[in-house]
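Participant: So I've got this file, run-v9.csv, and it contains CSV, C-alpha atoms:
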```csv
chain,number,residue,atom,x,y,z
A,563,MET,CA,0.0,0.0,0.0
A,564,PRO,CA,1.6,3.4,-1.0
A,565,ARG,CA,2.8,5.7,1.8
A,566,LEU,CA,1.0,8.9,2.4
A,567,THR,CA,2.8,12.0,1.2
A,568,SER,CA,3.6,15.0,3.5
A,569,ALA,CA,0.7,16.9,2.0
A,570,GLU,CA,-1.7,14.0,2.5
A,571,ARG,CA,-0.6,13.7,6.1
A,572,GLU,CA,-1.3,17.3,6.8
A,573,ARG,CA,-4.7,17.0,5.2
A,574,ALA,CA,-5.5,13.9,7.2
A,575,ILE,CA,-4.6,15.6,10.5
A,576,GLY,CA,-6.8,18.6,9.4
A,577,ARG,CA,-9.7,16.2,8.8
A,578,LEU,CA,-9.2,14.6,12.2
A,579,GLU,CA,-9.1,18.0,13.9
A,580,ALA,CA,-12.3,18.9,12.1
A,581,GLY,CA,-14.1,15.9,13.7
A,582,ASP,CA,-13.9,13.2,11.1
A,583,THR,CA,-13.4,9.6,12.3
A,584,PRO,CA,-10.1,7.8,11.5
A,585,GLU,CA,-12.2,5.3,9.5
A,586,ALA,CA,-13.6,8.0,7.3
A,587,VAL,CA,-10.2,9.6,6.8
A,588,ALA,CA,-8.7,6.2,5.9
A,589,ALA,CA,-11.5,5.6,3.3
A,590,THR,CA,-10.8,9.1,1.8
A,591,PHE,CA,-7.0,8.4,1.4
A,592,GLN,CA,-7.5,4.7,0.5
A,593,CYS,CA,-5.2,3.5,3.3
A,594,HIS,CA,-5.5,1.2,6.3
A,595,THR,CA,-7.2,2.5,9.4
A,596,SER,CA,-4.2,1.7,11.5
A,597,THR,CA,-2.1,4.1,9.3
A,598,ILE,CA,-4.4,7.0,10.4
A,599,TYR,CA,-4.3,5.9,14.0
A,600,ARG,CA,-0.5,5.8,14.1
A,601,LEU,CA,-0.3,9.2,12.3
A,602,LEU,CA,-2.6,10.7,14.9
A,603,GLN,CA,-0.6,9.2,17.7
A,604,ARG,CA,2.7,10.5,16.3
A,605,PHE,CA,1.1,14.0,15.9
A,606,VAL,CA,-0.1,14.0,19.5
A,607,ILE,CA,3.3,13.0,20.9
A,608,THR,CA,5.7,15.0,18.6
A,609,GLY,CA,3.4,17.7,17.2
A,610,SER,CA,4.6,16.8,13.7
A,611,THR,CA,3.5,14.4,11.0
A,612,ALA,CA,7.1,13.9,9.7
A,613,ASP,CA,8.7,10.4,9.8
A,614,ALA,CA,10.6,9.5,12.9
A,615,GLU,CA,14.4,9.5,12.6
A,616,ARG,CA,15.8,6.3,11.2
A,617,SER,CA,19.2,4.7,11.2
A,618,GLY,CA,19.8,5.9,7.7
A,619,ARG,CA,20.5,2.5,6.2
A,620,PRO,CA,21.0,3.2,2.5
A,621,ARG,CA,18.9,1.5,-0.1
A,622,VAL,CA,20.6,-1.3,-2.0
A,623,THR,CA,18.9,-0.3,-5.3
A,624,THR,CA,18.7,2.9,-7.1
A,625,PRO,CA,15.5,4.3,-8.6
A,626,ARG,CA,16.7,3.3,-12.1
A,627,GLN,CA,17.2,-0.3,-10.9
A,628,ASP,CA,13.8,-0.2,-9.3
A,629,ARG,CA,12.3,0.7,-12.7
A,630,HIS,CA,14.3,-2.1,-14.3
A,631,ILE,CA,13.0,-4.7,-11.9
A,632,PHE,CA,9.4,-3.5,-12.4
A,633,ARG,CA,9.6,-3.4,-16.2
A,634,SER,CA,11.4,-6.8,-16.5
A,635,HIS,CA,8.5,-8.4,-14.8
A,636,VAL,CA,5.8,-6.5,-16.7
A,637,ALA,CA,7.5,-7.8,-19.9
A,638,HIS,CA,8.0,-11.3,-18.6
A,639,PRO,CA,5.4,-12.1,-15.9
A,640,PHE,CA,6.6,-15.7,-15.4
A,641,ARG,CA,10.0,-14.6,-14.5
A,642,THR,CA,10.8,-15.3,-10.8
A,643,ALA,CA,12.1,-12.7,-8.4
A,644,ALA,CA,15.2,-14.8,-7.8
A,645,GLU,CA,16.1,-14.7,-11.5
A,646,THR,CA,15.8,-10.9,-11.5
A,647,ALA,CA,17.7,-10.5,-8.3
A,648,ARG,CA,20.7,-12.3,-9.8
A,649,THR,CA,20.9,-9.7,-12.6
A,650,VAL,CA,20.9,-6.6,-10.5
A,651,ILE,CA,24.1,-5.5,-8.7
A,652,GLY,CA,23.1,-3.3,-5.7
A,653,THR,CA,24.9,-0.3,-4.2
A,654,HIS,CA,26.7,-2.7,-1.9
A,655,GLN,CA,28.5,-4.2,-5.0
A,656,ALA,CA,26.7,-7.5,-4.8
A,657,PRO,CA,23.6,-9.1,-6.3
A,658,ILE,CA,20.4,-8.1,-4.4
A,659,SER,CA,18.4,-10.7,-2.6
A,660,ARG,CA,15.2,-12.3,-3.7
A,661,GLN,CA,13.3,-10.5,-0.9
A,662,THR,CA,14.5,-7.1,-2.1
A,663,ALA,CA,13.3,-7.8,-5.6
A,664,SER,CA,9.9,-9.0,-4.2
A,665,ARG,CA,9.5,-5.9,-2.1
A,666,ARG,CA,10.2,-3.6,-5.1
A,667,LEU,CA,7.6,-5.4,-7.1
A,668,ARG,CA,5.0,-5.3,-4.4
A,669,PHE,CA,5.6,-1.6,-3.9
A,670,ARG,CA,4.9,-1.1,-7.6
A,671,GLY,CA,1.6,-3.0,-7.3
A,672,LEU,CA,2.6,-6.4,-8.6
A,673,ARG,CA,1.5,-9.5,-6.8
A,674,ASN,CA,2.7,-13.1,-7.1
A,675,CYS,CA,-0.5,-15.1,-7.9
A,676,ARG,CA,-1.3,-18.4,-9.5
A,677,PRO,CA,-1.6,-18.0,-13.3
A,678,ALA,CA,-4.9,-18.5,-15.1
A,679,ARG,CA,-5.2,-21.6,-17.3
A,680,GLY,CA,-6.7,-21.7,-20.7
A,681,PRO,CA,-6.4,-23.5,-24.1
A,682,VAL,CA,-3.6,-22.9,-26.6
A,683,LEU,CA,-4.9,-20.1,-28.9
A,684,THR,CA,-3.1,-19.8,-32.2
A,685,VAL,CA,-3.5,-16.7,-34.4
A,686,ARG,CA,-6.2,-18.5,-36.4
A,687,HIS,CA,-8.1,-19.2,-33.2
A,688,ARG,CA,-7.9,-15.7,-32.0
A,689,GLN,CA,-9.1,-14.3,-35.3
A,690,ALA,CA,-12.0,-16.7,-35.4
A,691,ARG,CA,-13.0,-15.8,-31.8
A,692,LEU,CA,-12.7,-12.1,-32.6
A,693,HIS,CA,-14.7,-12.4,-35.8
A,694,TRP,CA,-17.5,-14.3,-34.0
A,695,ALA,CA,-17.7,-11.8,-31.1
A,696,GLN,CA,-17.9,-8.9,-33.5
A,697,GLY,CA,-20.6,-10.5,-35.5
A,698,HIS,CA,-22.7,-11.2,-32.4
A,699,LEU,CA,-22.0,-8.1,-30.3
A,700,ASN,CA,-25.1,-6.3,-31.5
A,701,TRP,CA,-27.4,-9.2,-30.6
A,702,ASN,CA,-30.0,-8.0,-28.0
A,703,ASN,CA,-31.2,-10.1,-25.1
A,704,VAL,CA,-34.3,-11.2,-27.1
A,705,ARG,CA,-32.2,-12.9,-29.7
A,706,TRP,CA,-29.9,-14.5,-27.0
A,707,GLN,CA,-33.0,-15.7,-25.2
A,708,ASN,CA,-33.8,-18.0,-28.1
A,709,VAL,CA,-30.5,-19.8,-28.0
A,710,LEU,CA,-30.1,-23.2,-26.3
A,711,PHE,CA,-26.5,-23.5,-25.0
A,712,SER,CA,-25.3,-27.1,-24.4
A,713,ASP,CA,-22.1,-28.9,-23.4
A,714,GLU,CA,-20.7,-32.0,-21.8
A,715,SER,CA,-18.7,-32.2,-18.6
A,716,ARG,CA,-17.1,-35.0,-16.5
A,717,PHE,CA,-17.5,-35.2,-12.7
A,718,CYS,CA,-15.3,-37.5,-10.6
A,719,ILE,CA,-15.8,-39.0,-7.2
A,720,ASP,CA,-12.5,-37.7,-5.9
A,721,HIS,CA,-12.7,-34.2,-7.2
A,722,ALA,CA,-10.0,-32.2,-5.2
A,723,ASP,CA,-11.0,-28.7,-4.4
A,724,GLY,CA,-7.8,-26.6,-4.4
A,725,ARG,CA,-9.4,-24.0,-2.2
A,726,VAL,CA,-9.7,-26.4,0.8
A,727,ARG,CA,-7.6,-25.4,3.8
A,728,VAL,CA,-6.9,-27.2,7.1
A,729,TRP,CA,-5.9,-25.7,10.5
A,730,ARG,CA,-3.2,-27.9,11.9
A,731,ARG,CA,-0.3,-27.8,14.3
A,732,SER,CA,3.3,-27.9,13.2
A,733,GLY,CA,4.4,-31.4,12.4
A,734,TYR,CA,0.9,-32.7,11.8
A,735,ARG,CA,0.8,-32.2,8.0
A,736,TYR,CA,0.5,-35.9,7.3
A,737,ALA,CA,-1.8,-36.8,10.2
A,738,ASP,CA,-4.9,-38.8,9.1
A,739,ASN,CA,-7.3,-36.1,10.0
A,740,CYS,CA,-5.3,-33.5,8.0
A,741,VAL,CA,-5.0,-35.3,4.7
A,742,VAL,CA,-7.6,-35.1,1.8
A,743,GLU,CA,-7.5,-38.6,0.3
A,744,ASN,CA,-8.2,-38.9,-3.4
A,745,ASN,CA,-7.2,-41.2,-6.3
A,746,ALA,CA,-4.4,-39.9,-8.5
A,747,TRP,CA,-6.4,-40.8,-11.6
A,748,GLY,CA,-9.6,-39.2,-10.3
A,749,GLY,CA,-11.6,-42.3,-9.5
A,750,PRO,CA,-14.8,-43.4,-11.1
A,751,SER,CA,-16.6,-40.6,-13.0
A,752,LEU,CA,-19.8,-39.7,-14.9
A,753,MET,CA,-20.0,-37.8,-18.2
A,754,LEU,CA,-22.9,-35.4,-18.1
A,755,TRP,CA,-24.7,-33.4,-20.8
A,756,GLY,CA,-26.8,-30.4,-20.1
A,757,ALA,CA,-28.3,-27.4,-21.8
A,758,ILE,CA,-29.6,-24.0,-20.6
A,759,GLY,CA,-31.6,-21.2,-22.2
A,760,HIS,CA,-33.9,-18.5,-21.0
A,761,ASN,CA,-36.3,-20.1,-18.5
A,762,GLN,CA,-35.1,-23.5,-19.9
A,763,VAL,CA,-32.8,-26.2,-18.4
A,764,LEU,CA,-32.4,-29.6,-20.1
A,765,GLY,CA,-30.8,-32.5,-18.3
A,766,PRO,CA,-28.9,-33.8,-16.7
A,767,VAL,CA,-28.2,-36.6,-19.2
A,768,ILE,CA,-25.7,-39.1,-17.8
A,769,PHE,CA,-24.1,-41.0,-20.6
A,770,GLN,CA,-24.5,-44.8,-20.4
A,771,GLY,CA,-22.2,-47.4,-21.8
A,772,LEU,CA,-19.0,-45.5,-21.4
A,773,GLY,CA,-15.8,-47.2,-20.2
A,774,PRO,CA,-12.0,-47.3,-20.5
A,775,GLY,CA,-10.3,-47.9,-23.8
A,776,PRO,CA,-10.7,-46.6,-27.3
A,777,GLY,CA,-14.3,-46.3,-28.6
A,778,ASN,CA,-15.8,-46.2,-25.2
A,779,GLY,CA,-16.2,-42.4,-24.9
A,780,VAL,CA,-18.9,-40.1,-26.1
A,781,THR,CA,-19.4,-41.1,-29.8
A,782,ALA,CA,-21.7,-39.6,-32.4
A,783,GLN,CA,-24.1,-42.6,-32.1
A,784,ARG,CA,-24.3,-42.2,-28.3
A,785,TYR,CA,-24.7,-38.5,-28.7
A,786,MET,CA,-27.7,-39.0,-31.0
A,787,ASP,CA,-29.3,-41.9,-29.1
A,788,GLN,CA,-28.9,-40.4,-25.6
A,789,VAL,CA,-29.1,-36.7,-26.2
A,790,LEU,CA,-30.5,-35.6,-29.5
A,791,HIS,CA,-33.4,-38.0,-30.0
A,792,PRO,CA,-34.8,-38.0,-26.4
A,793,HIS,CA,-34.1,-34.4,-25.4
A,794,VAL,CA,-33.1,-31.9,-28.2
A,795,LEU,CA,-35.5,-32.9,-30.9
A,796,PRO,CA,-38.6,-32.9,-28.7
A,797,PHE,CA,-37.5,-29.5,-27.4
A,798,PHE,CA,-37.2,-27.9,-30.8
A,799,GLN,CA,-40.5,-29.4,-31.9
A,800,ALA,CA,-42.1,-27.3,-29.2
A,801,HIS,CA,-39.7,-24.3,-29.7
A,802,GLY,CA,-39.2,-24.1,-33.4
A,803,ASN,CA,-37.7,-20.6,-33.5
A,804,TRP,CA,-34.8,-21.4,-31.2
A,805,VAL,CA,-31.1,-21.9,-32.1
A,806,PHE,CA,-29.0,-24.8,-30.9
A,807,GLN,CA,-25.5,-24.3,-29.8
A,808,HIS,CA,-22.8,-27.0,-29.2
A,809,ASP,CA,-19.1,-26.8,-29.6
A,810,ASN,CA,-16.8,-28.5,-32.2
A,811,ALA,CA,-16.3,-31.8,-30.5
A,812,ARG,CA,-16.1,-34.8,-32.8
A,813,PRO,CA,-19.5,-36.2,-31.8
A,814,HIS,CA,-21.1,-32.8,-32.6
A,815,THR,CA,-19.4,-32.3,-36.0
A,816,ALA,CA,-19.8,-35.9,-37.2
A,817,ARG,CA,-21.7,-36.1,-40.5
A,818,ALA,CA,-24.4,-38.3,-39.0
A,819,THR,CA,-25.1,-35.7,-36.3
A,820,GLN,CA,-25.2,-32.8,-38.8
A,821,ASP,CA,-27.5,-34.8,-41.1
A,822,LEU,CA,-29.9,-35.5,-38.2
A,823,LEU,CA,-30.0,-31.8,-37.1
A,824,HIS,CA,-30.5,-30.7,-40.7
A,825,ARG,CA,-33.3,-33.1,-41.4
A,826,SER,CA,-35.0,-32.0,-38.2
A,827,GLY,CA,-34.9,-28.4,-39.3
A,828,ILE,CA,-32.8,-27.3,-36.3
A,829,GLN,CA,-30.7,-24.2,-36.8
A,830,VAL,CA,-27.2,-24.7,-35.3
A,831,MET,CA,-25.1,-21.7,-34.2
A,832,PRO,CA,-21.6,-21.6,-35.6
A,833,TRP,CA,-19.1,-21.8,-32.8
A,834,PRO,CA,-15.4,-20.8,-32.8
A,835,ALA,CA,-12.9,-23.5,-31.7
A,836,LEU,CA,-11.3,-23.5,-28.2
A,837,SER,CA,-13.9,-21.1,-26.8
A,838,PRO,CA,-15.3,-22.6,-23.6
A,839,ASP,CA,-15.1,-19.2,-21.9
A,840,MET,CA,-17.7,-17.9,-24.3
A,841,ASN,CA,-20.3,-20.6,-23.4
A,842,PRO,CA,-22.4,-19.6,-20.4
A,843,ILE,CA,-23.0,-23.2,-19.5
A,844,GLU,CA,-19.5,-23.5,-18.2
A,845,GLN,CA,-20.5,-21.4,-15.2
A,846,PHE,CA,-23.5,-23.6,-14.8
A,847,TRP,CA,-21.1,-26.6,-14.4
A,848,ASP,CA,-19.3,-24.5,-11.7
A,849,LEU,CA,-22.6,-24.1,-9.9
A,850,LEU,CA,-23.2,-27.8,-10.1
A,851,GLN,CA,-19.7,-28.6,-8.7
A,852,THR,CA,-20.3,-26.1,-5.9
A,853,GLN,CA,-23.4,-28.0,-4.9
A,854,LEU,CA,-21.5,-31.4,-5.1
A,855,ASN,CA,-18.7,-30.0,-2.8
A,856,ARG,CA,-21.4,-29.5,-0.1
A,857,VAL,CA,-22.4,-33.2,-0.2
A,858,VAL,CA,-21.6,-34.9,3.1
A,859,PRO,CA,-20.5,-37.7,3.2
A,860,ARG,CA,-18.7,-37.6,-0.1
A,861,PRO,CA,-19.9,-40.1,-2.7
A,862,THR,CA,-17.8,-43.3,-2.7
A,863,THR,CA,-19.5,-45.2,-5.6
A,864,VAL,CA,-20.8,-44.3,-9.1
A,865,ALA,CA,-24.3,-44.9,-7.9
A,866,ASP,CA,-23.8,-42.4,-5.0
A,867,LEU,CA,-22.3,-39.9,-7.4
A,868,ASP,CA,-25.3,-40.4,-9.8
A,869,ARG,CA,-27.8,-39.6,-7.0
A,870,ALA,CA,-25.7,-36.7,-5.7
A,871,VAL,CA,-25.5,-35.1,-9.2
A,872,ARG,CA,-29.2,-35.4,-9.8
A,873,GLN,CA,-29.9,-33.9,-6.4
A,874,ALA,CA,-27.4,-31.1,-6.9
A,875,TRP,CA,-28.9,-30.3,-10.3
A,876,THR,CA,-32.3,-29.7,-8.8
A,877,ASN,CA,-30.8,-27.5,-6.1
A,878,ILE,CA,-29.5,-24.9,-8.6
A,879,PRO,CA,-31.9,-22.0,-8.8
A,880,ARG,CA,-33.7,-21.9,-12.1
A,881,GLN,CA,-33.1,-18.2,-12.6
A,882,ALA,CA,-29.4,-18.9,-12.7
A,883,SER,CA,-29.7,-19.8,-16.4
A,884,ASN,CA,-31.4,-16.5,-17.2
A,885,THR,CA,-28.5,-14.6,-15.6
A,886,LEU,CA,-25.9,-16.6,-17.5
A,887,VAL,CA,-27.7,-16.1,-20.9
A,888,ARG,CA,-27.9,-12.3,-20.3
A,889,SER,CA,-24.1,-12.3,-19.9
A,890,MET,CA,-23.5,-13.0,-23.6
A,891,HIS,CA,-23.2,-9.4,-24.6
A,892,ARG,CA,-20.5,-8.9,-21.9
A,893,ARG,CA,-18.7,-12.0,-23.1
A,894,CYS,CA,-18.6,-10.8,-26.7
A,895,GLN,CA,-17.3,-7.4,-25.6
A,896,THR,CA,-14.7,-9.0,-23.4
A,897,VAL,CA,-13.4,-11.1,-26.3
A,898,ILE,CA,-13.2,-8.0,-28.5
A,899,ASP,CA,-11.3,-6.1,-25.8
A,900,ALA,CA,-8.9,-9.0,-25.5
A,901,ASN,CA,-8.4,-9.0,-29.3
A,902,GLY,CA,-9.6,-12.6,-29.4
A,903,GLY,CA,-7.4,-13.7,-26.6
A,904,HIS,CA,-8.2,-15.3,-23.2
A,905,THR,CA,-10.9,-13.8,-21.1
A,906,ARG,CA,-12.0,-13.9,-17.4
A,907,TYR,CA,-15.0,-16.1,-18.2
```
Would it be possible to restate this file's structure as structure tokens?
Facilitator:
Amino acid sequence: MPRLTSAERERAIGRLEAGDTPEAVAATFQCHTSTIYRLLQRFVITGSTADAERSGRPRVTTPRQDRHIFRSHVAHPFRTAAETARTVIGTHQAPISRQTASRRLRFRGLRNCRPARGPVLTVRHRQARLHWAQGHLNWNNVRWQNVLFSDESRFCIDHADGRVRVWRRSGYRYADNCVVENNAWGGPSLMLWGAIGHNQVLGPVIFQGLGPGPGNGVTAQRYMDQVLHPHVLPFFQAHGNWVFQHDNARPHTARATQDLLHRSGIQVMPWPALSPDMNPIEQFWDLLQTQLNRVVPRPTTVADLDRAVRQAWTNIPRQASNTLVRSMHRRCQTVIDANGGHTRY
């Protein structure tokens, strides 16, 4: 957090003498409340807002080196502070420490965070995403309300939630009550299909007949037999003016699938490759996973997971699909702002 300048300190003391609370003054200057309390205490004791005398230890980096450290990490975000520290010779004629480089970066507003993960987007992919977003940016909510967004997702029994934390004493890291047990390969799982639209939620469809080995995944025949015929075709017979969306997975782009949709008179929305962030149903899967994380005790068999998934699906508020569909305009604008690159969705 930036330090208050001399002028800001004088203004803060003036506000306090005028009767403002330290909390209000801290909110005005966007600093911590304890900063204002310490400033007031210093002013009462010394009658001045100036810093107390220090030992005068010289800084090991010059302002020019501080700018170099900052700019090197802006240009190369995955560069570590230790790598930068080895390239900077401080005023003490030795390489600076990793802690010094980290402090300089934090002072300039950079934070060491986990990177976001996304698909590998080539130039062709970025151009296709940008072109699609520009072509659909002017769609109003009425047009988006007539789109049925669909997707598949896999849910495992031993899904590890990376946000889980445990309070433990030192030396008890591997105690039985402090360890989250899970299979390295994820354990038994279910492949789900679902679709959302305005005031519409289809599913969940749990694919049957899947197993290990080649040819035991979601094929075009299973997609047509278990999804299109029993769910999608009846829906579009009752809602003829809707548009169907699914991604470019092989079961979706197979000739048999395309012929079936064409014969049924279903209009399919073109979809750019590697664009899960543009599909609002991805956030619907997140809501489903949140509901599954609350299941106690955790499912231990595929049958338990099946029941838990169906119960969690019914616990999701129906208006959640409407909120997600209304976000399509923002998604298109975000892709355009990113020039077809990765987005927060």
Participant: Which one is closest to A:Thr885: A:Asn703, A:Tyr785, A:Gly756, A:Gln829? Count all atoms listed in the file.
Facilitator: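 Result for the nearest residue to A:Thr885: A:Asn703.
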Participant: With distances taken over all atoms listed in the file, which of A:Pro620, A:Pro766, A:Gly771, A:Gly827 is nearest to A:Thr876?
Facilitator: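 Of all the options, A:Pro766 lies closest to A:Thr876.
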Participant: Write out as a compact mmCIF listing (two decimals) with C-alpha atoms, in the coordinates of the input the residues lying within 9 Å of A:Glu714, counting all atoms listed in the file and excluding same-chain residues fewer than 5 positions away.
Facilitator:
```txt
# COMPACT_ATOMS: atom_id res chain seq x y z
CA MET A 753 -20.00 -37.80 -18.20
CA LEU A 754 -22.90 -35.40 -18.10
CA TRP A 755 -24.70 -33.40 -20.80
CA GLY A 756 -26.80 -30.40 -20.10
CA ALA A 757 -28.30 -27.40 -21.80
```
Participant: Could you work out how far atom CA of A:Pro750 lies from atom CA of A:Ala737, giving the answer in Å with one decimal?
Facilitator: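 Taking atom CA of A:Ala737 and atom CA of A:Pro750, their separation equals 25.8 Å.
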Participant: When distances are computed from all atoms listed in the file, which of A:Ala800, A:Leu578, A:Leu822, A:Leu854 shows the smallest separation from A:Asn877?
Facilitator: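 The shortest atom-to-atom distance to A:Asn877 comes from A:Leu854.
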Participant: When you draw a straight line from atom CA of A:Ile843 to atom CA of A:Arg880, how long is it in Å?
Facilitator: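 Result for atom CA of A:Ile843 versus atom CA of A:Arg880: 13.1 Å, one decimal.
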Participant: Pick out the residues sitting within 9 Å of A:Leu710, and hand them over as a ChimeraX atom specification; count only C-alpha atoms, and ignore anything fewer than 4 positions along from it in its own chain.
Facilitator: /A:706,757-760,762-763,804-808
Participant: So how far away is atom CA of A:Phe846 from atom CA of A:Asn884, in Å?
Facilitator: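 Atom CA of A:Phe846 lies at a distance of 10.9 Å from atom CA of A:Asn884.
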Participant: Counting all atoms listed in the file, which residue out of A:Asp866, A:Pro832, A:Arg856, A:Ala900 sits closest to A:His698?
Facilitator: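 With all atoms listed in the file as the atom set, the closest residue is A:Pro832.
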Participant: Which residue is closest to A:Gln845? Choose from A:Arg666, A:Arg731, A:Arg906, A:Arg573 and count only C-alpha atoms.
Facilitator: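 Among the listed residues, the smallest separation from A:Gln845 belongs to A:Arg906.
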Participant: May I have the residues within 7 Å of stretch 679-694 of chain A as an NGL selection string, using all atoms listed in the file and disregarding those fewer than 6 positions away in the same chain?
Facilitator: :A and (834-836 or 897-898 or 901-903)
Participant: I need the chosen residues saved as a short mmCIF file (atom, residue, chain, number, x, y, z; two decimals), in the frame of the given file, with C-alpha atoms.
Facilitator:
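again04.cif was written with the following content:
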```cif
data_model
loop_
_atom_site.label_atom_id
_atom_site.label_comp_id
_atom_site.auth_asym_id
_atom_site.auth_seq_id
_atom_site.Cartn_x
_atom_site.Cartn_y
_atom_site.Cartn_z
CA PRO A 834 -15.40 -20.80 -32.80
CA ALA A 835 -12.90 -23.50 -31.70
CA LEU A 836 -11.30 -23.50 -28.20
CA VAL A 897 -13.40 -11.10 -26.30
CA ILE A 898 -13.20 -8.00 -28.50
CA ASN A 901 -8.40 -9.00 -29.30
CA GLY A 902 -9.60 -12.60 -29.40
CA GLY A 903 -7.40 -13.70 -26.60
#
```
Participant: Which is closer to A:Gly697 than all the others in A:Val780, A:Trp833, A:Pro838, A:Leu867, using only C-alpha atoms?
Facilitator: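 Selected residue with least distance to A:Gly697: A:Trp833.
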Participant: Since the input has fewer atoms than a full residue there, write stretch 853-866 of chain A out with N, CA, C and O atoms, as a PDB file, keeping the file's coordinate frame.
Facilitator:
```
ATOM      1  N   GLN A 853     -22.382 -27.261  -5.643  1.00  0.00           N
ATOM      2  CA  GLN A 853     -23.400 -28.000  -4.900  1.00  0.00           C
ATOM      3  C   GLN A 853     -22.824 -29.424  -4.540  1.00  0.00           C
ATOM      4  O   GLN A 853     -23.087 -29.923  -3.433  1.00  0.00           O
ATOM      5  N   LEU A 854     -22.039 -30.039  -5.420  1.00  0.00           N
ATOM      6  CA  LEU A 854     -21.500 -31.400  -5.100  1.00  0.00           C
ATOM      7  C   LEU A 854     -20.446 -31.270  -3.981  1.00  0.00           C
ATOM      8  O   LEU A 854     -20.303 -32.210  -3.188  1.00  0.00           O
ATOM      9  N   ASN A 855     -19.710 -30.153  -3.905  1.00  0.00           N
ATOM     10  CA  ASN A 855     -18.700 -30.000  -2.800  1.00  0.00           C
ATOM     11  C   ASN A 855     -19.368 -29.946  -1.464  1.00  0.00           C
ATOM     12  O   ASN A 855     -18.698 -30.169  -0.447  1.00  0.00           O
ATOM     13  N   ARG A 856     -20.647 -29.627  -1.402  1.00  0.00           N
ATOM     14  CA  ARG A 856     -21.400 -29.500  -0.100  1.00  0.00           C
ATOM     15  C   ARG A 856     -21.954 -30.871   0.320  1.00  0.00           C
ATOM     16  O   ARG A 856     -22.524 -30.935   1.415  1.00  0.00           O
ATOM     17  N   VAL A 857     -21.845 -31.892  -0.515  1.00  0.00           N
ATOM     18  CA  VAL A 857     -22.400 -33.200  -0.200  1.00  0.00           C
ATOM     19  C   VAL A 857     -21.605 -33.857   0.899  1.00  0.00           C
ATOM     20  O   VAL A 857     -20.389 -34.029   0.748  1.00  0.00           O
ATOM     21  N   VAL A 858     -22.247 -34.211   1.995  1.00  0.00           N
ATOM     22  CA  VAL A 858     -21.600 -34.900   3.100  1.00  0.00           C
ATOM     23  C   VAL A 858     -22.487 -36.085   3.499  1.00  0.00           C
ATOM     24  O   VAL A 858     -23.684 -35.904   3.749  1.00  0.00           O
ATOM     25  N   PRO A 859     -21.912 -37.307   3.563  1.00  0.00           N
ATOM     26  CA  PRO A 859     -20.500 -37.700   3.200  1.00  0.00           C
ATOM     27  C   PRO A 859     -20.299 -37.684   1.719  1.00  0.00           C
ATOM     28  O   PRO A 859     -21.245 -37.719   0.940  1.00  0.00           O
ATOM     29  N   ARG A 860     -19.021 -37.671   1.334  1.00  0.00           N
ATOM     30  CA  ARG A 860     -18.700 -37.600  -0.100  1.00  0.00           C
ATOM     31  C   ARG A 860     -19.099 -38.948  -0.746  1.00  0.00           C
ATOM     32  O   ARG A 860     -19.064 -40.029  -0.143  1.00  0.00           O
ATOM     33  N   PRO A 861     -19.539 -38.876  -2.019  1.00  0.00           N
ATOM     34  CA  PRO A 861     -19.900 -40.100  -2.700  1.00  0.00           C
ATOM     35  C   PRO A 861     -18.690 -41.028  -2.873  1.00  0.00           C
ATOM     36  O   PRO A 861     -17.571 -40.583  -3.148  1.00  0.00           O
ATOM     37  N   THR A 862     -18.922 -42.309  -2.663  1.00  0.00           N
ATOM     38  CA  THR A 862     -17.800 -43.300  -2.700  1.00  0.00           C
ATOM     39  C   THR A 862     -18.035 -44.273  -3.896  1.00  0.00           C
ATOM     40  O   THR A 862     -17.102 -45.002  -4.231  1.00  0.00           O
ATOM     41  N   THR A 863     -19.208 -44.319  -4.492  1.00  0.00           N
ATOM     42  CA  THR A 863     -19.500 -45.200  -5.600  1.00  0.00           C
ATOM     43  C   THR A 863     -20.109 -44.390  -6.745  1.00  0.00           C
ATOM     44  O   THR A 863     -20.552 -43.248  -6.551  1.00  0.00           O
ATOM     45  N   VAL A 864     -20.158 -45.000  -7.921  1.00  0.00           N
ATOM     46  CA  VAL A 864     -20.800 -44.300  -9.100  1.00  0.00           C
ATOM     47  C   VAL A 864     -22.264 -44.106  -8.818  1.00  0.00           C
ATOM     48  O   VAL A 864     -22.817 -43.062  -9.192  1.00  0.00           O
ATOM     49  N   ALA A 865     -22.908 -45.049  -8.159  1.00  0.00           N
ATOM     50  CA  ALA A 865     -24.300 -44.900  -7.900  1.00  0.00           C
ATOM     51  C   ALA A 865     -24.559 -43.707  -6.914  1.00  0.00           C
ATOM     52  O   ALA A 865     -25.507 -42.930  -7.088  1.00  0.00           O
ATOM     53  N   ASP A 866     -23.673 -43.566  -5.902  1.00  0.00           N
ATOM     54  CA  ASP A 866     -23.800 -42.400  -5.000  1.00  0.00           C
ATOM     55  C   ASP A 866     -23.565 -41.109  -5.747  1.00  0.00           C
ATOM     56  O   ASP A 866     -24.261 -40.117  -5.515  1.00  0.00           O
TER      57      ASP A 866
END
```
